[in-house]
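Structure first, commentary second.
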Amino acid sequence: MKFIDNQGITDPRMNLAIEEYALKELPQDEDYLLFYINEPSIIIGKNQNTAEEINADYVNANSIHVVRRLSGGGAVYHDLGNLNFSFIMNDDGQSFHNFRKFTEPVVQALRSMGVEAELTGRNDIQVGERKISGNAQYSTKGRMFSHGTLLFDSEMENVVSALKVNSDKIQSKGIKSIRSRVANISEFLPEKITIEQFKQSLLRSIFGGENIPEYKLTEDDWKRIRELSEARYQSWDWNYGKSPKSNFRQSKRFDQVGTVDVRLDIEKGKIKEAKIYGDFFGLEDVSELESKLIGLPYDKTAVREALAEADAGKYIGKLDNESLLSLFF
């Protein structure tokens, strides 16, 4: 595995472009580890409806970036007190959904610093009852990344103010607020260190010493990364997108899957538009599933057959077809 130095860039539109470029363009016979820190921003999950995840007034008043990432999962707030990590490698067919494989080196590094961390639930790292890290994954063409946040010294009140929280999520986790559930890693460290010192400790632990092999991005790499940043991560269509009109909507939270929100525009007994939002993870792009529904009669048998043929679980976190079907009617 080689470490990729992002040269201290804090623009999330560039950092997500570096991550995607490393995934798709760097030599595939090598694994990579990328660290990055973003200035205040909300990073939206691939399948989420941006407008419904953010507190737009607060975001605009505080000049917070809003950027959509490639991976599924929920929206997260980043600032200069949050260190992000990304493991980039070939997908062996067993690693997607296996968060433990990628969080274990981080958990062990934290424990070596005196932080009693553990992987909990679907994709969180916690200390006791308090969350210090959320993780997400993305897979394409035999490659994947598993990335996560590490709340080191974030401004927690901004986490609360910038995001809207789905009430189903709060109820399902038995909590009263984000603020009571999240924590900064700095609270648990035996002595005060900077986020740079924290990053270096993680690197030494993950690589097993001071000798850290590195992939140095070339000038050509940087040129193509800047082009990718502009084309995707600086695009309004990518980050916000147009929410289709709908005259049917149903949403439900499923254990070990997440929230799934189905919206349909039904006209003259047929599905004219279909959109599936949520904080779920999927091996395939959910837009492929949506396209298979357009033009179908709004009929349970027809939709059931389409979902069975498409194998909905590939798109929505192992959700079985009948559970998904229940959201359409």
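Labels used: A, B, ... for chains in the order of the structure tokens, numbers from 1 for residues in each chain, and numbers from 1 for ligands as shown.
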Selection near A:Leu163, 9 Å with only C-alpha atoms, sequence-local residues under 6 positions removed, as JSON, numbers by chain: {"A": [42, 53, 54, 55, 56, 59, 75, 76, 77]}
Identify all residues of stretch 162-267 of chain A in alpha helix (DSSP H) (DSSP on the backbone) and supply them as a ChimeraX atom specification. /A:162,167-172,195-207,219-228,236-239
Need to verify the contact set: stretch 239-255 of chain A, 7 Å, only C-alpha atoms, exclusion of same-chain residues closer than 3 positions in sequence. Can you return it as an mmCIF file with all heavy atoms, in the first residue's frame?
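So the final result, stored in selection.cif, reads:
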```cif
data_model
loop_
_atom_site.group_PDB
_atom_site.id
_atom_site.type_symbol
_atom_site.label_atom_id
_atom_site.label_comp_id
_atom_site.auth_asym_id
_atom_site.auth_seq_id
_atom_site.Cartn_x
_atom_site.Cartn_y
_atom_site.Cartn_z
ATOM 1 N N THR A 50 -30.210 16.444 -1.918
ATOM 2 C CA THR A 50 -29.423 17.478 -1.235
ATOM 3 C C THR A 50 -30.304 18.496 -0.522
ATOM 4 O O THR A 50 -30.048 18.856 0.634
ATOM 5 C CB THR A 50 -28.512 18.197 -2.242
ATOM 6 O OG1 THR A 50 -27.645 17.236 -2.836
ATOM 7 C CG2 THR A 50 -27.679 19.270 -1.563
ATOM 8 N N VAL A 66 -21.187 22.633 -0.353
ATOM 9 C CA VAL A 66 -22.063 21.465 -0.422
ATOM 10 C C VAL A 66 -21.614 20.645 -1.625
ATOM 11 O O VAL A 66 -21.686 21.111 -2.764
ATOM 12 C CB VAL A 66 -23.546 21.867 -0.551
ATOM 13 C CG1 VAL A 66 -24.421 20.617 -0.698
ATOM 14 C CG2 VAL A 66 -23.987 22.698 0.653
ATOM 15 N N VAL A 67 -21.116 19.433 -1.368
ATOM 16 C CA VAL A 67 -20.538 18.610 -2.431
ATOM 17 C C VAL A 67 -21.037 17.171 -2.293
ATOM 18 O O VAL A 67 -21.011 16.607 -1.193
ATOM 19 C CB VAL A 67 -18.987 18.622 -2.372
ATOM 20 C CG1 VAL A 67 -18.406 17.958 -3.611
ATOM 21 C CG2 VAL A 67 -18.448 20.043 -2.234
ATOM 22 N N ARG A 68 -21.469 16.597 -3.410
ATOM 23 C CA ARG A 68 -21.919 15.197 -3.403
ATOM 24 C C ARG A 68 -20.718 14.282 -3.644
ATOM 25 O O ARG A 68 -19.869 14.561 -4.482
ATOM 26 C CB ARG A 68 -22.967 14.969 -4.495
ATOM 27 C CG ARG A 68 -23.601 13.567 -4.449
ATOM 28 C CD ARG A 68 -24.553 13.344 -5.610
ATOM 29 N NE ARG A 68 -25.646 14.295 -5.651
ATOM 30 C CZ ARG A 68 -26.759 14.207 -4.925
ATOM 31 N NH1 ARG A 68 -26.911 13.202 -4.072
ATOM 32 N NH2 ARG A 68 -27.705 15.108 -5.034
ATOM 33 N N ASP A 168 -36.791 9.682 11.690
ATOM 34 C CA ASP A 168 -36.768 8.215 11.780
ATOM 35 C C ASP A 168 -35.408 7.740 12.268
ATOM 36 O O ASP A 168 -35.298 6.785 13.036
ATOM 37 C CB ASP A 168 -37.057 7.583 10.414
ATOM 38 C CG ASP A 168 -38.506 7.740 9.998
ATOM 39 O OD1 ASP A 168 -39.329 8.045 10.881
ATOM 40 O OD2 ASP A 168 -38.807 7.567 8.813
ATOM 41 N N TYR A 233 -17.317 17.892 -9.384
ATOM 42 C CA TYR A 233 -17.531 18.336 -8.006
ATOM 43 C C TYR A 233 -17.803 19.836 -7.867
ATOM 44 O O TYR A 233 -18.215 20.283 -6.801
ATOM 45 C CB TYR A 233 -16.349 17.899 -7.145
ATOM 46 C CG TYR A 233 -16.230 16.384 -7.104
ATOM 47 C CD1 TYR A 233 -15.237 15.725 -7.812
ATOM 48 C CD2 TYR A 233 -17.152 15.611 -6.395
ATOM 49 C CE1 TYR A 233 -15.146 14.336 -7.806
ATOM 50 C CE2 TYR A 233 -17.075 14.231 -6.384
ATOM 51 C CZ TYR A 233 -16.070 13.594 -7.097
ATOM 52 O OH TYR A 233 -16.000 12.223 -7.092
ATOM 53 N N SER A 235 -19.927 21.142 -10.098
ATOM 54 C CA SER A 235 -21.135 21.224 -10.925
ATOM 55 C C SER A 235 -22.399 21.243 -10.068
ATOM 56 O O SER A 235 -22.597 20.369 -9.215
ATOM 57 C CB SER A 235 -21.178 20.019 -11.880
ATOM 58 O OG SER A 235 -22.479 19.806 -12.377
ATOM 59 N N TRP A 236 -23.275 22.223 -10.325
ATOM 60 C CA TRP A 236 -24.549 22.288 -9.591
ATOM 61 C C TRP A 236 -25.383 21.040 -9.867
ATOM 62 O O TRP A 236 -26.012 20.494 -8.964
ATOM 63 C CB TRP A 236 -25.334 23.547 -9.995
ATOM 64 C CG TRP A 236 -26.586 23.749 -9.181
ATOM 65 C CD1 TRP A 236 -26.719 24.480 -8.036
ATOM 66 C CD2 TRP A 236 -27.886 23.179 -9.429
ATOM 67 N NE1 TRP A 236 -28.017 24.407 -7.562
ATOM 68 C CE2 TRP A 236 -28.747 23.615 -8.396
ATOM 69 C CE3 TRP A 236 -28.401 22.339 -10.423
ATOM 70 C CZ2 TRP A 236 -30.092 23.256 -8.334
ATOM 71 C CZ3 TRP A 236 -29.740 21.961 -10.363
ATOM 72 C CH2 TRP A 236 -30.570 22.427 -9.328
ATOM 73 N N GLY A 258 -30.649 1.178 5.956
ATOM 74 C CA GLY A 258 -30.765 2.626 5.994
ATOM 75 C C GLY A 258 -32.139 3.073 5.538
ATOM 76 O O GLY A 258 -33.073 2.279 5.417
ATOM 77 N N THR A 259 -32.281 4.362 5.277
ATOM 78 C CA THR A 259 -33.545 4.926 4.822
ATOM 79 C C THR A 259 -33.661 4.805 3.315
ATOM 80 O O THR A 259 -32.715 5.092 2.579
ATOM 81 C CB THR A 259 -33.647 6.406 5.230
ATOM 82 O OG1 THR A 259 -33.608 6.505 6.660
ATOM 83 C CG2 THR A 259 -34.948 7.023 4.728
ATOM 84 N N VAL A 260 -34.842 4.359 2.852
ATOM 85 C CA VAL A 260 -35.138 4.279 1.423
ATOM 86 C C VAL A 260 -36.400 5.099 1.170
ATOM 87 O O VAL A 260 -37.420 4.908 1.830
ATOM 88 C CB VAL A 260 -35.352 2.821 0.960
ATOM 89 C CG1 VAL A 260 -35.578 2.770 -0.553
ATOM 90 C CG2 VAL A 260 -34.162 1.952 1.354
ATOM 91 N N ASP A 261 -36.313 6.031 0.224
ATOM 92 C CA ASP A 261 -37.385 6.987 -0.058
ATOM 93 C C ASP A 261 -37.740 6.880 -1.535
ATOM 94 O O ASP A 261 -36.937 7.218 -2.399
ATOM 95 C CB ASP A 261 -36.866 8.391 0.305
ATOM 96 C CG ASP A 261 -37.872 9.499 0.022
ATOM 97 O OD1 ASP A 261 -38.965 9.198 -0.495
ATOM 98 O OD2 ASP A 261 -37.550 10.669 0.301
ATOM 99 N N VAL A 262 -38.934 6.366 -1.820
ATOM 100 C CA VAL A 262 -39.384 6.166 -3.199
ATOM 101 C C VAL A 262 -40.318 7.303 -3.608
ATOM 102 O O VAL A 262 -41.264 7.630 -2.884
ATOM 103 C CB VAL A 262 -40.112 4.810 -3.339
ATOM 104 C CG1 VAL A 262 -40.814 4.697 -4.698
ATOM 105 C CG2 VAL A 262 -39.129 3.655 -3.171
ATOM 106 N N ARG A 263 -40.042 7.890 -4.782
ATOM 107 C CA ARG A 263 -40.916 8.937 -5.321
ATOM 108 C C ARG A 263 -41.263 8.601 -6.765
ATOM 109 O O ARG A 263 -40.377 8.301 -7.572
ATOM 110 C CB ARG A 263 -40.226 10.299 -5.244
ATOM 111 C CG ARG A 263 -39.819 10.623 -3.821
ATOM 112 C CD ARG A 263 -39.305 12.015 -3.674
ATOM 113 N NE ARG A 263 -38.688 12.155 -2.360
ATOM 114 C CZ ARG A 263 -38.358 13.312 -1.816
ATOM 115 N NH1 ARG A 263 -38.569 14.432 -2.464
ATOM 116 N NH2 ARG A 263 -37.803 13.359 -0.624
ATOM 117 N N LEU A 264 -42.539 8.658 -7.073
ATOM 118 C CA LEU A 264 -43.016 8.313 -8.404
ATOM 119 C C LEU A 264 -43.892 9.421 -8.947
ATOM 120 O O LEU A 264 -44.645 10.057 -8.210
ATOM 121 C CB LEU A 264 -43.830 7.013 -8.361
ATOM 122 C CG LEU A 264 -43.181 5.777 -7.744
ATOM 123 C CD1 LEU A 264 -44.201 4.649 -7.652
ATOM 124 C CD2 LEU A 264 -41.968 5.344 -8.552
ATOM 125 N N ASP A 265 -43.788 9.641 -10.250
ATOM 126 C CA ASP A 265 -44.738 10.488 -10.953
ATOM 127 C C ASP A 265 -45.579 9.546 -11.803
ATOM 128 O O ASP A 265 -45.080 8.945 -12.755
ATOM 129 C CB ASP A 265 -44.006 11.524 -11.816
ATOM 130 C CG ASP A 265 -44.982 12.474 -12.496
ATOM 131 O OD1 ASP A 265 -46.113 12.615 -11.998
ATOM 132 O OD2 ASP A 265 -44.622 13.055 -13.536
ATOM 133 N N ILE A 266 -46.817 9.387 -11.400
ATOM 134 C CA ILE A 266 -47.708 8.431 -12.065
ATOM 135 C C ILE A 266 -48.702 9.209 -12.922
ATOM 136 O O ILE A 266 -49.385 10.109 -12.437
ATOM 137 C CB ILE A 266 -48.453 7.563 -11.026
ATOM 138 C CG1 ILE A 266 -47.432 6.821 -10.151
ATOM 139 C CG2 ILE A 266 -49.388 6.590 -11.718
ATOM 140 C CD1 ILE A 266 -48.003 6.310 -8.855
ATOM 141 N N LEU A 327 -42.738 -0.291 -0.692
ATOM 142 C CA LEU A 327 -42.662 1.170 -0.699
ATOM 143 C C LEU A 327 -43.324 1.790 -1.920
ATOM 144 O O LEU A 327 -43.534 3.000 -1.971
ATOM 145 C CB LEU A 327 -41.199 1.627 -0.654
ATOM 146 C CG LEU A 327 -40.430 1.355 0.638
ATOM 147 C CD1 LEU A 327 -39.006 1.852 0.513
ATOM 148 C CD2 LEU A 327 -41.118 2.024 1.822
#
```
Suppose you want the space between atom CA of A:Ala310 and atom CA of A:Ser291; what is it in Å? 10.5 Å
Please identify which residues in stretch 91-263 of chain A DSSP calls strand (DSSP E or B) from the backbone, and express them as number ranges by chain. A: 117-120, 124-127, 130-140, 143-151, 163, 182, 214-215, 248-254, 258-263
If we count only C-alpha atoms, what is near stretch 80-87 of chain A at a cut-off of 6 Å, once residues fewer than 3 positions away on the same chain are taken out, given as a PyMOL selection string? chain A and resi 32-39+145-154
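Take atom CA of A:Ala109 and atom CA of A:Glu191: the distance between them is 15.6 Å.
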A:Leu296 environment, 12 Å, only C-alpha atoms, sequence neighbours closer than 4 positions dropped, as a list in words: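 My reading of the contact set: Leu264, Asp265, Ile266, Glu267, Lys268, Gly269, Lys270, Ile271, Lys272, Glu273, Ala274, Glu290, Ser291, Lys292, Lys300, Thr301, Ala302, Val303, Arg304, Glu305, Ala306 and Leu307 of chain A.
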Those same residues, written as an mmCIF file, in the first residue's frame with N, CA and C atoms?
```
data_model
loop_
_atom_site.group_PDB
_atom_site.id
_atom_site.type_symbol
_atom_site.label_atom_id
_atom_site.label_comp_id
_atom_site.auth_asym_id
_atom_site.auth_seq_id
_atom_site.Cartn_x
_atom_site.Cartn_y
_atom_site.Cartn_z
ATOM 1 N N LEU A 264 -42.539 8.658 -7.073
ATOM 2 C CA LEU A 264 -43.016 8.313 -8.404
ATOM 3 C C LEU A 264 -43.892 9.421 -8.947
ATOM 4 N N ASP A 265 -43.788 9.641 -10.250
ATOM 5 C CA ASP A 265 -44.738 10.488 -10.953
ATOM 6 C C ASP A 265 -45.579 9.546 -11.803
ATOM 7 N N ILE A 266 -46.817 9.387 -11.400
ATOM 8 C CA ILE A 266 -47.708 8.431 -12.065
ATOM 9 C C ILE A 266 -48.702 9.209 -12.922
ATOM 10 N N GLU A 267 -48.754 8.855 -14.195
ATOM 11 C CA GLU A 267 -49.624 9.564 -15.132
ATOM 12 C C GLU A 267 -50.329 8.543 -16.019
ATOM 13 N N LYS A 268 -51.659 8.622 -16.050
ATOM 14 C CA LYS A 268 -52.488 7.717 -16.857
ATOM 15 C C LYS A 268 -52.164 6.250 -16.571
ATOM 16 N N GLY A 269 -51.966 5.948 -15.292
ATOM 17 C CA GLY A 269 -51.767 4.570 -14.872
ATOM 18 C C GLY A 269 -50.384 4.010 -15.111
ATOM 19 N N LYS A 270 -49.452 4.867 -15.545
ATOM 20 C CA LYS A 270 -48.087 4.396 -15.789
ATOM 21 C C LYS A 270 -47.080 5.243 -15.014
ATOM 22 N N ILE A 271 -45.909 4.638 -14.738
ATOM 23 C CA ILE A 271 -44.843 5.339 -14.024
ATOM 24 C C ILE A 271 -44.081 6.192 -15.033
ATOM 25 N N LYS A 272 -44.254 7.510 -14.910
ATOM 26 C CA LYS A 272 -43.610 8.435 -15.839
ATOM 27 C C LYS A 272 -42.189 8.783 -15.375
ATOM 28 N N GLU A 273 -42.020 8.960 -14.067
ATOM 29 C CA GLU A 273 -40.708 9.223 -13.483
ATOM 30 C C GLU A 273 -40.575 8.429 -12.193
ATOM 31 N N ALA A 274 -39.353 8.020 -11.871
ATOM 32 C CA ALA A 274 -39.093 7.281 -10.632
ATOM 33 C C ALA A 274 -37.762 7.749 -10.056
ATOM 34 N N GLU A 290 -33.900 2.724 -11.390
ATOM 35 C CA GLU A 290 -34.965 3.695 -11.666
ATOM 36 C C GLU A 290 -35.400 3.639 -13.124
ATOM 37 N N SER A 291 -34.431 3.525 -14.025
ATOM 38 C CA SER A 291 -34.746 3.541 -15.462
ATOM 39 C C SER A 291 -35.582 2.330 -15.873
ATOM 40 N N LYS A 292 -35.426 1.215 -15.149
ATOM 41 C CA LYS A 292 -36.184 0.002 -15.469
ATOM 42 C C LYS A 292 -37.662 0.120 -15.083
ATOM 43 N N LYS A 300 -48.809 -3.764 -9.127
ATOM 44 C CA LYS A 300 -47.901 -4.475 -8.233
ATOM 45 C C LYS A 300 -47.196 -5.632 -8.935
ATOM 46 N N THR A 301 -47.897 -6.367 -9.764
ATOM 47 C CA THR A 301 -47.278 -7.499 -10.464
ATOM 48 C C THR A 301 -46.177 -7.026 -11.405
ATOM 49 N N ALA A 302 -46.458 -5.959 -12.146
ATOM 50 C CA ALA A 302 -45.482 -5.441 -13.109
ATOM 51 C C ALA A 302 -44.230 -4.920 -12.403
ATOM 52 N N VAL A 303 -44.430 -4.201 -11.306
ATOM 53 C CA VAL A 303 -43.290 -3.656 -10.567
ATOM 54 C C VAL A 303 -42.509 -4.785 -9.898
ATOM 55 N N ARG A 304 -43.219 -5.781 -9.341
ATOM 56 C CA ARG A 304 -42.550 -6.923 -8.703
ATOM 57 C C ARG A 304 -41.652 -7.637 -9.717
ATOM 58 N N GLU A 305 -42.162 -7.865 -10.920
ATOM 59 C CA GLU A 305 -41.377 -8.555 -11.960
ATOM 60 C C GLU A 305 -40.140 -7.737 -12.341
ATOM 61 N N ALA A 306 -40.302 -6.419 -12.440
ATOM 62 C CA ALA A 306 -39.169 -5.556 -12.801
ATOM 63 C C ALA A 306 -38.097 -5.565 -11.718
ATOM 64 N N LEU A 307 -38.513 -5.524 -10.462
ATOM 65 C CA LEU A 307 -37.555 -5.543 -9.352
ATOM 66 C C LEU A 307 -36.830 -6.884 -9.283
#
```
Mind running stretch 140-238 of chain A against stretch 9-19 of chain A at 7 Å and telling me each contacting residue's nearest atom pair with the distance in Å (one decimal), counting only C-alpha atoms, chain and number ascending, as a tab-separated table?
```
residue	atom	partner	partner_atom	distance
A:Ile225	CA	A:Ala17	CA	5.7
A:Arg226	CA	A:Met14	CA	6.9
A:Leu228	CA	A:Ala17	CA	5.9
A:Ser229	CA	A:Ala17	CA	5.1
A:Tyr233	CA	A:Arg13	CA	5.0
A:Gln234	CA	A:Arg13	CA	6.3
```
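Taking only C-alpha atoms into account, A:Ala136 lies nearest to A:Ser71 out of the set A:Ser112, A:Thr120, A:Ser71, A:Asn98.
Of the residues under consideration (A:Leu119, A:Arg181, A:Val160, A:Asp220), A:Asp220 shows the shortest atom-to-atom contact distance to A:Tyr21 when counting only C-alpha atoms.
With only C-alpha atoms as the atoms that count, the minimum distance from A:Tyr138 to the choices A:Arg204, A:Lys216, A:Arg69, A:Arg232 is reached by A:Arg69.
Restricting the calculation to only C-alpha atoms, the smallest distance between A:Lys275 and any of A:Pro213, A:Asn47, A:Leu319, A:Ala231 is found for A:Asn47.
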Which residues are near A:Gln48? Cut-off 7 Å, only C-alpha atoms, ignore same chain within fewer than 5 positions. Put them as number ranges by chain. A: 277-279
Provide the atom CA of A:Gly45 to atom CA of A:Val159 distance in Å, to one decimal place.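 Atom-to-atom, atom CA of A:Gly45 to atom CA of A:Val159, that is 15.7 Å.
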When distances are computed from only C-alpha atoms, which of A:Ala162, A:Val182, A:Leu202, A:Ala117 shows the smallest separation from A:Pro40? A:Ala162
